[in-house]
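Structure first, commentary second.
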Amino acid sequence: MTTIIMLISLPIGIYILFQEKENMRRYQAVFDDFYDELQLDSSLLKKEKLQLLQDMFYKNHYDVIKIQENSIEAQKKLFSIGWLFVGIGTFYIGLIIYIIYYFYFQKPHVLMFEV
């Protein structure tokens, strides 16, 4: 039974990896579009723009690590379901390796915007 699960999960994982790559582009575009709208809005002060960016980060579960007078920086570790399935498809050894990588070695996704 586990062999069947491994045989099925490997191609599913590869398919999900390609989908995650496309979704990551869309995910980044949401932040970029929000930032562009803030830059075009001349009625807001810099502090208000920074506060709106900070709220956007908190709503998307980012940890704000640095707020300066003109910029804000936030980070978040992104878990990959595709790598999880690929790990299951490689005799579960890849699953253990990916979980260790996620917790100890993966660098967080960092976003920085200047106002």
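Labels for the structure tokens follow display order: chains A, B, ..., residues from 1 in each chain, ligands from 1.
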
All strand (DSSP E) residues (DSSP, backbone) inside stretch 47-115 of chain A, as a PyMOL selection string:
chain A and resi 63-67+71-76+109-114

Within 7 Å of A:Val115 using only C-alpha atoms, minus same-chain residues under 3 positions, as a PyMOL selection string
chain A and resi 46+70-71

When you draw a straight line from atom CA of A:Phe103 to atom CA of A:Ala74, how long is it in Å?
18.3 Å

Find the distance between atom CA of A:Lys47 and atom CA of A:Glu69 and write it in Å to one decimal.
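Atom CA of A:Glu69 lies at a distance of 8.0 Å from atom CA of A:Lys47.
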
So which bits of chain A end up alpha helix (DSSP H) when you DSSP the backbone, as a ChimeraX atom specification?
/A:2-40,46-59,81-89,93-104

With C-alpha atoms retained, write the just-selected residues as a short mmCIF file (atom, residue, chain, number, x, y, z; two decimals), in the first residue's frame.
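Writing done, so here's out-v5.cif:
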```cif
data_model
loop_
_atom_site.label_atom_id
_atom_site.label_comp_id
_atom_site.auth_asym_id
_atom_site.auth_seq_id
_atom_site.Cartn_x
_atom_site.Cartn_y
_atom_site.Cartn_z
CA THR A 2 2.79 2.44 0.82
CA THR A 3 4.40 1.72 -2.55
CA ILE A 4 1.21 2.83 -4.29
CA ILE A 5 1.13 6.01 -2.21
CA MET A 6 4.75 6.75 -3.13
CA LEU A 7 4.15 6.09 -6.84
CA ILE A 8 1.15 8.41 -6.87
CA SER A 9 2.60 11.17 -4.71
CA LEU A 10 5.77 11.74 -6.75
CA PRO A 11 4.06 12.93 -9.98
CA ILE A 12 1.48 14.82 -7.94
CA GLY A 13 4.31 16.56 -6.08
CA ILE A 14 6.06 17.54 -9.30
CA TYR A 15 2.80 18.94 -10.68
CA ILE A 16 2.19 20.90 -7.47
CA LEU A 17 5.74 22.31 -7.60
CA PHE A 18 5.03 23.84 -11.01
CA GLN A 19 1.73 25.23 -9.71
CA GLU A 20 3.46 26.70 -6.65
CA LYS A 21 5.99 28.45 -8.86
CA GLU A 22 3.19 30.13 -10.83
CA ASN A 23 1.27 30.96 -7.65
CA MET A 24 4.40 32.55 -6.16
CA ARG A 25 4.51 34.99 -9.07
CA ARG A 26 0.85 35.89 -8.47
CA TYR A 27 1.47 36.15 -4.72
CA GLN A 28 4.32 38.60 -5.27
CA ALA A 29 2.20 40.56 -7.75
CA VAL A 30 -0.44 41.17 -5.05
CA PHE A 31 2.14 42.91 -2.88
CA ASP A 32 3.63 44.80 -5.83
CA ASP A 33 0.21 46.04 -6.97
CA PHE A 34 -0.67 47.16 -3.45
CA TYR A 35 2.65 49.00 -3.20
CA ASP A 36 2.13 50.67 -6.58
CA GLU A 37 -1.33 51.87 -5.54
CA LEU A 38 0.14 53.34 -2.35
CA GLN A 39 2.86 55.14 -4.28
CA LEU A 40 0.31 56.71 -6.61
CA LYS A 46 4.63 58.46 4.60
CA LYS A 47 3.63 57.23 8.05
CA GLU A 48 0.18 56.28 6.81
CA LYS A 49 1.66 54.43 3.85
CA LEU A 50 4.05 52.56 6.13
CA GLN A 51 1.15 51.69 8.43
CA LEU A 52 -0.89 50.34 5.51
CA LEU A 53 2.06 48.25 4.35
CA GLN A 54 2.55 46.97 7.88
CA ASP A 55 -1.14 46.02 8.08
CA MET A 56 -0.82 44.21 4.74
CA PHE A 57 2.10 42.20 6.09
CA TYR A 58 0.27 41.28 9.29
CA LYS A 59 -2.81 40.18 7.36
CA ILE A 81 3.31 21.16 -0.35
CA GLY A 82 4.93 20.11 -3.63
CA TRP A 83 8.23 19.25 -1.93
CA LEU A 84 6.24 17.45 0.77
CA PHE A 85 4.63 15.17 -1.84
CA VAL A 86 7.94 14.67 -3.65
CA GLY A 87 9.45 13.70 -0.29
CA ILE A 88 6.72 11.12 0.25
CA GLY A 89 7.31 9.81 -3.25
CA ILE A 93 13.40 9.87 3.14
CA GLY A 94 12.86 13.03 1.12
CA LEU A 95 10.02 13.98 3.46
CA ILE A 96 12.30 13.87 6.48
CA ILE A 97 15.01 15.78 4.61
CA TYR A 98 12.54 18.47 3.51
CA ILE A 99 11.16 18.95 7.02
CA ILE A 100 14.70 19.29 8.43
CA TYR A 101 15.53 21.73 5.62
CA TYR A 102 12.38 23.78 6.27
CA PHE A 103 12.97 24.18 10.00
CA TYR A 104 16.75 24.64 10.03
#
```

Two-atom distance - atom CA of A:Ile65, atom CA of A:Leu111 (Å):
10.1 Å

Proximity to A:Lys66 - best of A:Val110, A:Leu44, A:Phe79, A:Thr90, only C-alpha atoms
A:Val110
